[in-house]
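Enquirer: I am sharing model13.tsv, which consists of TSV, C-alpha atoms and all ligand atoms:
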chain	number	residue	atom	x	y	z
A	137	MET	CA	-8.44	-13.10	16.24
A	138	LYS	CA	-9.98	-9.95	14.72
A	139	LEU	CA	-7.67	-7.13	13.71
A	140	GLU	CA	-9.05	-3.77	14.78
A	141	ALA	CA	-6.13	-1.41	14.13
A	142	VAL	CA	-2.41	-1.26	13.51
A	143	GLU	CA	-0.12	1.53	14.66
A	144	LEU	CA	3.26	2.25	13.07
A	145	ARG	CA	5.20	4.21	15.64
A	146	ARG	CA	8.62	5.70	14.90
A	147	VAL	CA	10.85	6.05	17.94
A	148	ALA	CA	14.39	7.35	18.51
A	149	LEU	CA	16.33	6.36	21.64
A	150	PRO	CA	19.76	7.84	22.43
A	151	LEU	CA	22.41	5.12	22.83
A	152	VAL	CA	24.66	5.20	25.92
A	153	SER	CA	27.66	5.45	23.58
A	154	PRO	CA	28.12	5.68	19.80
A	155	PHE	CA	28.28	2.29	18.08
A	156	ARG	CA	30.61	2.20	15.08
A	157	THR	CA	30.62	-0.59	12.53
A	158	SER	CA	32.01	-0.91	9.02
A	159	PHE	CA	28.66	0.45	7.74
A	160	GLY	CA	28.39	3.55	9.88
A	161	THR	CA	28.10	5.03	13.37
A	162	GLU	CA	24.85	4.95	15.32
A	163	THR	CA	24.31	7.47	18.11
A	164	THR	CA	20.57	6.90	18.42
A	165	HIS	CA	18.51	3.82	17.77
A	166	ASP	CA	15.76	4.77	15.32
A	167	CYS	CA	13.18	2.11	14.63
A	168	VAL	CA	9.57	1.37	13.87
A	169	LEU	CA	7.37	-0.25	16.48
A	170	VAL	CA	4.42	-2.21	15.14
A	171	HIS	CA	1.47	-2.20	17.52
A	172	VAL	CA	-1.59	-4.30	16.72
A	173	VAL	CA	-4.97	-4.02	18.38
A	174	THR	CA	-7.13	-7.12	18.14
A	175	ASP	CA	-10.46	-8.07	19.70
A	176	GLY	CA	-8.65	-10.14	22.36
A	177	ALA	CA	-5.37	-8.37	23.15
A	178	GLU	CA	-2.80	-5.89	21.88
A	179	GLY	CA	0.57	-6.91	20.53
A	180	TRP	CA	3.90	-5.13	20.06
A	181	ALA	CA	6.97	-5.77	17.94
A	182	GLU	CA	10.08	-3.93	16.81
A	183	CYS	CA	11.03	-3.68	13.15
A	184	VAL	CA	14.81	-3.86	12.90
A	185	ALA	CA	15.05	-2.01	9.57
A	186	MET	CA	17.45	0.88	10.08
A	187	GLU	CA	17.10	4.48	8.95
A	188	ARG	CA	19.55	3.84	6.06
A	189	PRO	CA	19.79	0.64	3.98
A	190	ALA	CA	23.43	0.12	5.03
A	191	TYR	CA	23.24	-3.22	6.88
A	192	SER	CA	20.71	-4.71	4.46
A	193	SER	CA	18.52	-3.50	1.63
A	194	GLU	CA	15.62	-2.71	3.97
A	195	TYR	CA	15.18	0.66	5.66
A	196	ALA	CA	12.62	2.11	8.02
A	197	ASP	CA	10.60	4.26	5.59
A	198	GLY	CA	10.51	1.36	3.12
A	199	ALA	CA	9.32	-1.01	5.85
A	200	CYS	CA	6.50	1.39	6.78
A	201	ASP	CA	5.54	1.69	3.14
A	202	VAL	CA	5.31	-2.07	2.50
A	203	LEU	CA	3.48	-2.53	5.79
A	204	ARG	CA	0.92	0.14	4.83
A	205	ARG	CA	0.45	-0.91	1.23
A	206	TRP	CA	0.62	-4.69	1.38
A	207	LEU	CA	1.31	-6.39	4.70
A	208	VAL	CA	-1.31	-4.79	6.94
A	209	PRO	CA	-4.00	-5.15	4.22
A	210	ALA	CA	-3.07	-8.85	3.91
A	211	ALA	CA	-3.49	-9.32	7.68
A	212	GLN	CA	-6.77	-7.39	7.47
A	213	ALA	CA	-8.01	-9.70	4.69
A	214	LEU	CA	-7.21	-12.74	6.84
A	215	SER	CA	-9.07	-11.11	9.71
A	216	ASP	CA	-12.12	-10.32	7.54
A	217	ALA	CA	-12.19	-13.98	6.47
A	218	GLY	CA	-12.06	-15.06	10.13
A	219	GLU	CA	-8.66	-16.67	9.53
A	220	LEU	CA	-6.13	-14.38	11.20
A	221	THR	CA	-3.37	-16.22	13.05
A	222	ALA	CA	0.33	-15.44	13.43
A	223	GLU	CA	1.10	-18.76	11.73
A	224	GLY	CA	-1.13	-17.96	8.74
A	225	PHE	CA	0.41	-14.54	8.09
A	226	ALA	CA	3.71	-15.56	6.41
A	227	PRO	CA	2.02	-17.89	3.89
A	228	ALA	CA	-0.46	-15.10	3.03
A	229	VAL	CA	2.36	-12.66	2.22
A	230	GLU	CA	4.75	-15.12	0.60
A	231	TRP	CA	4.02	-13.44	-2.74
A	232	VAL	CA	5.66	-10.22	-1.41
A	233	LYS	CA	9.31	-10.63	-2.33
A	234	GLY	CA	11.84	-9.85	0.39
A	235	HIS	CA	10.87	-7.24	3.04
A	236	ARG	CA	11.62	-9.77	5.74
A	237	MET	CA	12.16	-7.18	8.46
A	238	ALA	CA	8.74	-5.64	7.82
A	239	LYS	CA	7.11	-9.08	7.66
A	240	ALA	CA	8.86	-10.17	10.86
A	241	ALA	CA	7.58	-7.13	12.72
A	242	LEU	CA	3.93	-7.63	11.84
A	243	GLU	CA	4.10	-11.40	12.40
A	244	THR	CA	5.68	-10.87	15.82
A	245	ALA	CA	3.10	-8.28	16.87
A	246	LEU	CA	0.35	-10.71	15.83
A	247	LEU	CA	2.10	-13.52	17.70
A	248	ASP	CA	2.37	-11.34	20.81
A	249	ALA	CA	-1.37	-10.58	20.71
A	250	GLN	CA	-2.27	-14.21	19.99
A	251	LEU	CA	-0.12	-15.57	22.81
A	252	ARG	CA	-1.56	-13.00	25.25
A	253	ILE	CA	-5.03	-14.23	24.32
A	254	GLU	CA	-3.87	-17.81	24.96
A	255	GLY	CA	-2.04	-16.80	28.17
A	256	ARG	CA	1.22	-18.34	26.87
A	257	SER	CA	4.73	-16.94	26.69
A	258	ILE	CA	6.70	-16.72	23.47
A	259	GLY	CA	9.38	-18.92	25.05
A	260	GLU	CA	6.83	-21.67	25.58
A	261	ARG	CA	5.58	-21.26	22.00
A	262	LEU	CA	9.05	-21.36	20.41
A	263	GLY	CA	10.46	-24.17	22.55
A	264	SER	CA	12.73	-22.44	25.07
A	265	VAL	CA	14.42	-24.91	27.40
A	266	LYS	CA	16.20	-22.48	29.75
A	267	ASP	CA	15.11	-19.66	32.02
A	268	ARG	CA	18.25	-17.58	31.39
A	269	VAL	CA	20.82	-17.34	28.63
A	270	PRO	CA	24.58	-16.74	28.69
A	271	THR	CA	25.30	-13.40	27.14
A	272	GLY	CA	27.93	-11.74	25.03
A	273	VAL	CA	28.48	-8.15	23.98
A	274	SER	CA	29.37	-6.54	20.68
A	275	VAL	CA	32.08	-3.89	20.84
A	276	GLY	CA	32.16	-1.29	18.09
A	277	ILE	CA	35.17	0.05	16.21
A	278	MET	CA	37.05	2.54	18.39
A	279	ASP	CA	39.36	5.49	17.75
A	280	SER	CA	42.31	3.77	19.41
A	281	VAL	CA	43.45	0.44	20.83
A	282	PRO	CA	43.67	1.84	24.42
A	283	ALA	CA	40.03	2.99	24.14
A	284	LEU	CA	39.07	-0.50	22.93
A	285	LEU	CA	40.92	-2.18	25.81
A	286	ASP	CA	39.10	0.08	28.30
A	287	ALA	CA	35.72	-0.77	26.75
A	288	VAL	CA	36.41	-4.52	26.69
A	289	GLY	CA	37.69	-4.42	30.28
A	290	ALA	CA	34.51	-2.70	31.44
A	291	TYR	CA	32.30	-5.27	29.71
A	292	LEU	CA	34.27	-8.15	31.23
A	293	ASP	CA	33.95	-6.50	34.65
A	294	ALA	CA	30.19	-6.28	34.07
A	295	GLY	CA	30.19	-10.06	33.59
A	296	TYR	CA	29.86	-10.53	29.82
A	297	LEU	CA	30.94	-14.06	28.91
A	298	ARG	CA	31.95	-13.42	25.32
A	299	ILE	CA	33.36	-10.42	23.48
A	300	LYS	CA	32.66	-9.69	19.83
A	301	LEU	CA	34.85	-7.12	18.14
A	302	LYS	CA	33.68	-5.27	15.07
A	303	ILE	CA	36.40	-5.27	12.43
A	304	GLU	CA	37.08	-3.63	9.06
A	305	PRO	CA	40.18	-3.21	6.90
A	306	GLY	CA	42.64	-1.18	8.99
A	307	TRP	CA	41.03	-2.27	12.29
A	308	ASP	CA	41.43	-6.01	12.57
A	309	VAL	CA	44.66	-7.91	13.37
A	310	GLU	CA	46.13	-5.33	15.77
A	311	PRO	CA	43.04	-4.72	17.92
A	312	VAL	CA	42.37	-8.47	18.09
A	313	ARG	CA	45.98	-9.13	19.09
A	314	ALA	CA	45.81	-6.41	21.76
A	315	VAL	CA	42.59	-7.78	23.26
A	316	ARG	CA	43.90	-11.35	23.26
A	317	GLU	CA	47.20	-10.29	24.86
A	318	ARG	CA	45.55	-8.14	27.53
A	319	PHE	CA	42.65	-10.39	28.50
A	320	GLY	CA	44.03	-13.88	27.84
A	321	ASP	CA	41.75	-16.82	27.39
A	322	ILE	CA	38.36	-15.08	26.98
A	323	LEU	CA	35.70	-16.15	24.48
A	324	LEU	CA	36.46	-13.82	21.56
A	325	GLN	CA	35.01	-13.45	18.08
A	326	VAL	CA	34.96	-10.86	15.29
A	327	ASP	CA	32.32	-9.43	12.97
A	328	ALA	CA	33.20	-7.86	9.62
A	329	ASN	CA	29.72	-6.99	8.29
A	330	THR	CA	30.77	-7.73	4.69
A	331	ALA	CA	33.79	-5.38	4.79
A	332	TYR	CA	36.26	-7.71	3.01
A	333	GLY	CA	36.67	-9.20	-0.46
A	334	ARG	CA	37.73	-12.57	-1.82
A	335	GLY	CA	41.26	-11.21	-2.23
A	336	ASP	CA	41.63	-10.72	1.54
A	337	ALA	CA	41.99	-14.41	2.45
A	338	ASP	CA	45.71	-14.19	3.30
A	339	HIS	CA	45.13	-11.11	5.40
A	340	LEU	CA	42.21	-12.70	7.30
A	341	ALA	CA	44.30	-15.85	7.85
A	342	GLN	CA	46.42	-13.73	10.22
A	343	LEU	CA	43.47	-13.86	12.63
A	344	ASP	CA	43.94	-17.65	12.88
A	345	ALA	CA	46.69	-17.03	15.44
A	346	PHE	CA	44.19	-15.73	18.00
A	347	ASP	CA	41.97	-18.75	18.56
A	348	LEU	CA	38.74	-16.92	17.77
A	349	LEU	CA	35.35	-18.60	18.19
A	350	LEU	CA	34.39	-17.39	14.74
A	351	ILE	CA	34.63	-14.70	12.08
A	352	GLU	CA	31.23	-13.36	11.14
A	353	GLN	CA	30.24	-12.38	7.60
A	354	PRO	CA	33.59	-11.31	6.13
A	355	LEU	CA	32.29	-11.10	2.54
A	356	GLU	CA	29.28	-9.69	0.71
A	357	GLU	CA	25.79	-10.94	1.54
A	358	GLU	CA	25.40	-12.53	-1.92
A	359	ASP	CA	28.85	-14.14	-1.90
A	360	VAL	CA	28.05	-17.45	-0.24
A	361	PRO	CA	30.42	-19.32	-2.63
A	362	GLY	CA	33.18	-16.86	-1.67
A	363	HIS	CA	32.70	-17.80	1.99
A	364	ALA	CA	33.07	-21.48	1.05
A	365	LEU	CA	36.40	-20.66	-0.65
A	366	LEU	CA	37.54	-18.53	2.27
A	367	ALA	CA	36.66	-21.29	4.74
A	368	GLN	CA	39.28	-23.46	3.03
A	369	ARG	CA	41.96	-20.81	3.47
A	370	ILE	CA	41.52	-19.93	7.15
A	371	THR	CA	41.13	-22.02	10.29
A	372	THR	CA	38.88	-19.55	12.16
A	373	PRO	CA	35.32	-20.93	11.76
A	374	VAL	CA	33.18	-18.85	9.40
A	375	CYS	CA	29.79	-17.70	10.71
A	376	LEU	CA	27.18	-16.16	8.42
A	377	ASP	CA	24.78	-13.37	9.36
A	378	GLU	CA	23.64	-11.17	6.44
A	379	SER	CA	23.67	-14.12	3.95
A	380	ILE	CA	21.26	-16.25	5.96
A	381	VAL	CA	17.81	-14.97	5.06
A	382	SER	CA	15.82	-18.20	5.48
A	383	ALA	CA	16.01	-21.83	6.55
A	384	ALA	CA	16.59	-22.80	2.90
A	385	ALA	CA	19.51	-20.34	2.68
A	386	ALA	CA	20.96	-21.77	5.90
A	387	ARG	CA	20.80	-25.31	4.55
A	388	ASP	CA	22.41	-24.29	1.25
A	389	ALA	CA	25.19	-22.31	2.96
A	390	ILE	CA	26.02	-25.14	5.36
A	391	GLU	CA	25.86	-27.85	2.71
A	392	SER	CA	28.15	-25.84	0.40
A	393	GLY	CA	30.76	-25.47	3.15
A	394	ALA	CA	30.27	-21.70	3.46
A	395	CYS	CA	29.73	-21.67	7.21
A	396	GLU	CA	30.23	-23.66	10.38
A	397	ILE	CA	28.05	-21.44	12.55
A	398	VAL	CA	24.91	-19.35	11.97
A	399	ASN	CA	23.86	-16.05	13.57
A	400	ILE	CA	20.06	-15.98	13.74
A	401	LYS	CA	18.40	-12.58	13.77
A	402	PRO	CA	14.62	-12.93	13.63
A	403	GLY	CA	14.17	-9.62	11.81
A	404	ARG	CA	16.61	-10.55	9.05
A	405	VAL	CA	14.93	-13.91	8.36
A	406	GLY	CA	11.26	-12.87	8.42
A	407	GLY	CA	10.35	-13.67	12.01
A	408	TYR	CA	10.55	-16.01	14.97
A	409	LEU	CA	8.79	-18.90	13.27
A	410	GLU	CA	11.37	-18.96	10.46
A	411	SER	CA	14.09	-18.52	13.10
A	412	VAL	CA	12.98	-21.76	14.75
A	413	ARG	CA	13.13	-23.49	11.35
A	414	ILE	CA	16.73	-22.24	10.88
A	415	HIS	CA	17.56	-23.47	14.37
A	416	ASP	CA	16.12	-26.87	13.48
A	417	VAL	CA	18.11	-27.10	10.22
A	418	CYS	CA	21.32	-26.25	12.06
A	419	VAL	CA	20.64	-28.79	14.81
A	420	GLU	CA	19.92	-31.41	12.14
A	421	LEU	CA	23.21	-30.61	10.36
A	422	GLY	CA	25.20	-30.40	13.60
A	423	LYS	CA	26.00	-26.68	13.39
A	424	ALA	CA	25.94	-24.22	16.29
A	425	VAL	CA	23.68	-21.16	16.25
A	426	TRP	CA	23.55	-17.99	18.34
A	427	CYS	CA	21.18	-15.07	18.53
A	428	GLY	CA	22.29	-11.78	17.02
A	429	GLY	CA	21.08	-8.34	17.97
A	430	MET	CA	20.41	-5.01	16.27
A	431	LEU	CA	20.49	-2.70	19.26
A	432	GLU	CA	16.83	-3.51	19.91
A	433	THR	CA	14.76	-1.87	22.61
A	434	GLY	CA	13.21	-4.18	25.21
A	435	VAL	CA	10.34	-4.83	22.78
A	436	GLY	CA	12.74	-6.55	20.38
A	437	ARG	CA	15.16	-7.88	22.98
A	438	ALA	CA	12.56	-9.81	25.03
A	439	PRO	CA	11.59	-12.25	22.24
A	440	ASN	CA	15.25	-12.54	21.17
A	441	LEU	CA	16.08	-13.78	24.66
A	442	ALA	CA	13.30	-16.35	24.48
A	443	LEU	CA	14.62	-17.56	21.12
A	444	ALA	CA	18.17	-17.78	22.49
A	445	ALA	CA	16.88	-20.25	25.08
A	446	LEU	CA	16.20	-22.94	22.43
A	447	PRO	CA	18.51	-25.95	22.77
A	448	GLY	CA	20.59	-25.38	19.62
A	449	PHE	CA	21.75	-21.93	20.77
A	450	THR	CA	25.02	-23.18	22.19
A	451	LEU	CA	27.05	-19.97	21.85
A	452	PRO	CA	26.44	-16.72	23.79
A	453	GLY	CA	24.47	-14.19	21.75
A	454	ASP	CA	24.39	-10.41	21.28
A	455	THR	CA	21.63	-10.36	23.87
A	456	SER	CA	23.15	-7.84	26.25
A	457	ALA	CA	21.55	-6.14	29.23
A	458	THR	CA	19.62	-2.88	28.85
A	459	LYS	CA	22.49	-0.77	30.28
A	460	ARG	CA	24.73	-1.71	27.36
A	461	TYR	CA	22.35	0.17	25.06
A	462	TYR	CA	20.15	2.69	26.89
A	463	HIS	CA	19.96	4.85	29.99
A	464	GLN	CA	16.20	4.55	29.72
A	465	ASP	CA	14.53	1.82	27.69
A	466	ILE	CA	10.86	1.80	26.74
A	467	THR	CA	10.23	-1.48	28.62
A	468	ARG	CA	11.37	-2.77	31.96
A	469	GLU	CA	15.09	-3.25	32.26
A	470	PHE	CA	16.98	-6.49	31.47
A	471	PHE	CA	19.87	-7.20	33.81
A	472	ILE	CA	23.05	-9.23	33.52
A	473	GLU	CA	23.60	-11.47	36.49
A	474	ASP	CA	26.39	-13.99	36.66
A	475	GLY	CA	26.93	-13.54	32.90
A	476	HIS	CA	23.32	-14.41	32.10
A	477	VAL	CA	20.11	-12.57	31.24
A	478	ALA	CA	16.77	-14.01	32.35
A	479	ILE	CA	14.24	-14.73	29.64
A	480	PRO	CA	10.83	-13.08	30.07
A	481	THR	CA	8.09	-15.43	31.23
A	482	GLY	CA	4.85	-13.42	31.04
A	483	PRO	CA	2.26	-13.88	28.30
A	484	GLY	CA	3.29	-12.96	24.75
A	485	ILE	CA	6.70	-11.29	24.50
A	486	GLY	CA	6.51	-10.73	28.26
A	487	VAL	CA	7.11	-6.97	28.26
A	488	GLU	CA	5.10	-3.87	27.37
A	489	PRO	CA	6.25	-0.35	26.53
A	490	ASP	CA	5.88	2.15	29.36
A	491	PRO	CA	3.40	4.74	27.99
A	492	ASP	CA	5.26	7.77	29.37
A	493	VAL	CA	8.69	6.71	28.18
A	494	LEU	CA	7.24	5.66	24.87
A	495	ARG	CA	5.67	9.08	24.41
A	496	SER	CA	8.96	10.79	25.21
A	497	VAL	CA	10.87	8.92	22.47
A	498	THR	CA	8.14	8.92	19.82
A	499	VAL	CA	8.94	10.73	16.59
A	500	SER	CA	5.68	9.97	14.78
A	501	SER	CA	2.72	7.64	14.87
A	502	GLN	CA	0.33	6.50	12.20
A	503	TRP	CA	-2.81	4.46	12.85
A	504	LEU	CA	-4.17	2.16	10.17
A	505	ARG	CA	-7.76	1.18	11.00
A	506	SER	CA	-10.05	-1.33	9.41
A	601	LIG	O1	23.93	-6.09	20.89
A	601	LIG	O2	22.17	-5.63	19.69
A	601	LIG	C1	23.39	-5.70	19.85
A	601	LIG	C2	24.27	-5.26	18.72
A	601	LIG	C3	25.02	-6.41	18.12
A	601	LIG	O3	26.83	-5.92	16.68
A	601	LIG	C4	25.63	-6.05	16.80
A	601	LIG	N1	24.79	-5.89	15.79
A	601	LIG	O4	25.98	-6.52	12.53
A	601	LIG	O5	25.29	-7.81	14.09
A	601	LIG	C5	25.49	-6.68	13.65
A	601	LIG	C6	25.19	-5.47	14.49
A	601	LIG	C7	24.12	-4.55	13.97
A	601	LIG	C8	23.72	-3.49	14.75
A	601	LIG	C9	23.53	-4.74	12.76
A	601	LIG	C10	22.74	-2.63	14.32
A	601	LIG	C11	22.56	-3.87	12.30
A	601	LIG	C12	22.17	-2.83	13.11
Here is the file; what I need is its structure written in the form of C-alpha cells.
Ligand code: NPG

Expert:
Amino acid sequence: MKLEAVELRRVALPLVSPFRTSFGTETTHDCVLVHVVTDGAEGWAECVAMERPAYSSEYADGACDVLRRWLVPAAQALSDAGELTAEGFAPAVEWVKGHRMAKAALETALLDAQLRIEGRSIGERLGSVKDRVPTGVSVGIMDSVPALLDAVGAYLDAGYLRIKLKIEPGWDVEPVRAVRERFGDILLQVDANTAYGRGDADHLAQLDAFDLLLIEQPLEEEDVPGHALLAQRITTPVCLDESIVSAAAARDAIESGACEIVNIKPGRVGGYLESVRIHDVCVELGKAVWCGGMLETGVGRAPNLALAALPGFTLPGDTSATKRYYHQDITREFFIEDGHVAIPTGPGIGVEPDPDVLRSVTVSSQWLRS
C-alpha cells in the first residue's frame, strides 16, 4: 500500500441530550477523523481523544500534533520503503511513548484502507463470530432521581439489554437503589470513572446489596494495586477501563487480583489489533470482556461493533444505536432490534461518511501530503 495523503478533520456533532460524567458534561461530540488516501483505497477512523484531557491524558489538539509530527511521517517512511501495512505500523511507532488514541486512529484508518483493497471486512479480520451483538446503554448523571428513572425507562422501552449508570460521590447508592427498586431484575452496572479513593471502600460496599454486574474503574487510572485491595472489600465484581492500556496491563491487573472483568476500548489501548490481544489474554485467564464506547460517530462505532462480536465479549457493551447519540450521524444509521445491533459486513469498517453531512459538521481540515 502506498500512502498518498492523510487528512485530519475536526468535527463537532450535537448530542441528542447532554451526557454528564464525573469528569464533565458533553453537549457535543468533538473529535478528530483520520482519513488516509492510498494508491488502492481510502480509509477512515475516529480518534477518541476528547477536547479536554479529562478522561485520559490525551486530548484532540495533542493527538493532531503527534499525528502530524511523528505518526504520519512514520507511516510515510514505511510507505516510501514499500512496507506500509496496518500490522507494521504499531511496531514502527513503538518508540513513541503513549499517545495510544492517536496511534489507534491512524492504524485503524490504514486497516480500513487495507481491508478495502483486500475486499475483507474488519469483522472477518479480527475474528468476529456473530452477525449482531447484544447492546447496553450508558446513562449519565442526572439532576434528580425521577429524571434518571424516566431516562432508564425509555432506554428499557427501546430494548436495551443492560443499563450502566454513571456514578460519583453524592450520586451513587440512592440512584442505584431507585433503579433497582423500580425496574427489578435488569442487568445493571455502574461506572465511576476514577471518582473514588481508597478510603471509600466501606461506602462502595453499600452497592453490594444491589446485585450489580460490575463496578467500573472506581479508583485512579494508576492505582491498580488499590483496585486489588478494594476487590477484597466488596462483592461487586471490579471492572477496569482507564487502567487497561495494553494486553500486558490487562494480564498484570488480572493476575494481581485488581479486576474480574475488562472494558476494551480500542482507542484507549492503541487500536483494534491490541484490542484482540487483550481479548485473547482475558479468554486465556477466564475473564469476561465487553466493548466500551466514547460517544463515537458511526465511523468509530462500526469497528467497535465488529470487535464486540469476538467470542470473549460475553457481556453487552456500550455499543448503542445511533439514536442514543445523534439526530444525524455522519454515516448510515445503526439500529437496535430485539436488543441487538447488527455488525457491519462491507469491506473495511463497512461504513463511509456521507460527504454532505460530513461537510456540515466539519470544524477544520488539514491535509498532510507526501
Ligand atoms: O455509549 O459511547 C457510549 C458512551 C459510553 O459511558 C460511556 N463512555 O467512561 O466509558 C466511559 C464513557 C466515556 C464517554 C468516556 C466519553 C470518555 C468519553

Enquirer: With only C-alpha atoms and all ligand atoms as the basis for distance, which of A:Ala383, A:Leu214, A:Val497, A:Ala190 is at the shortest distance from ligand LIG 601 (chain A)?

Expert: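 Once distances to ligand LIG 601 (chain A) are computed over only C-alpha atoms and all ligand atoms, the minimum belongs to A:Ala190.
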
Enquirer: Between CA of Ser500 (chain A) and CA of Phe225 (chain A), measure the distance and give it in Å to one decimal.

Expert: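 Here the two named atoms are 25.9 Å from each other.
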
Enquirer: With all atoms listed in the file as the atoms that count, which of A:Arg204, A:His476, A:His165, A:Arg495 lies nearest to Ala141 (chain A)?

Expert: A:Arg204

Enquirer: Residues within 9 Å of region 423-438 of chain A, please, as a PyMOL selection string. Count all atoms listed in the file; anything in the same chain fewer than 4 positions from it doesn't count.

Expert: chain A and resi 149+151+165+167+169+180-184+274+375+377+390+395-403+414-415+417-419+442-444+448-456+458+461-462+465-470+479-480+485-489

Enquirer: Which of these residues is nearest to Gly482 (chain A), using all atoms listed in the file: A:Glu304, A:Asp248, A:Glu410, A:Glu391?

Expert: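 Of all the options, A:Asp248 lies closest to Gly482 (chain A).
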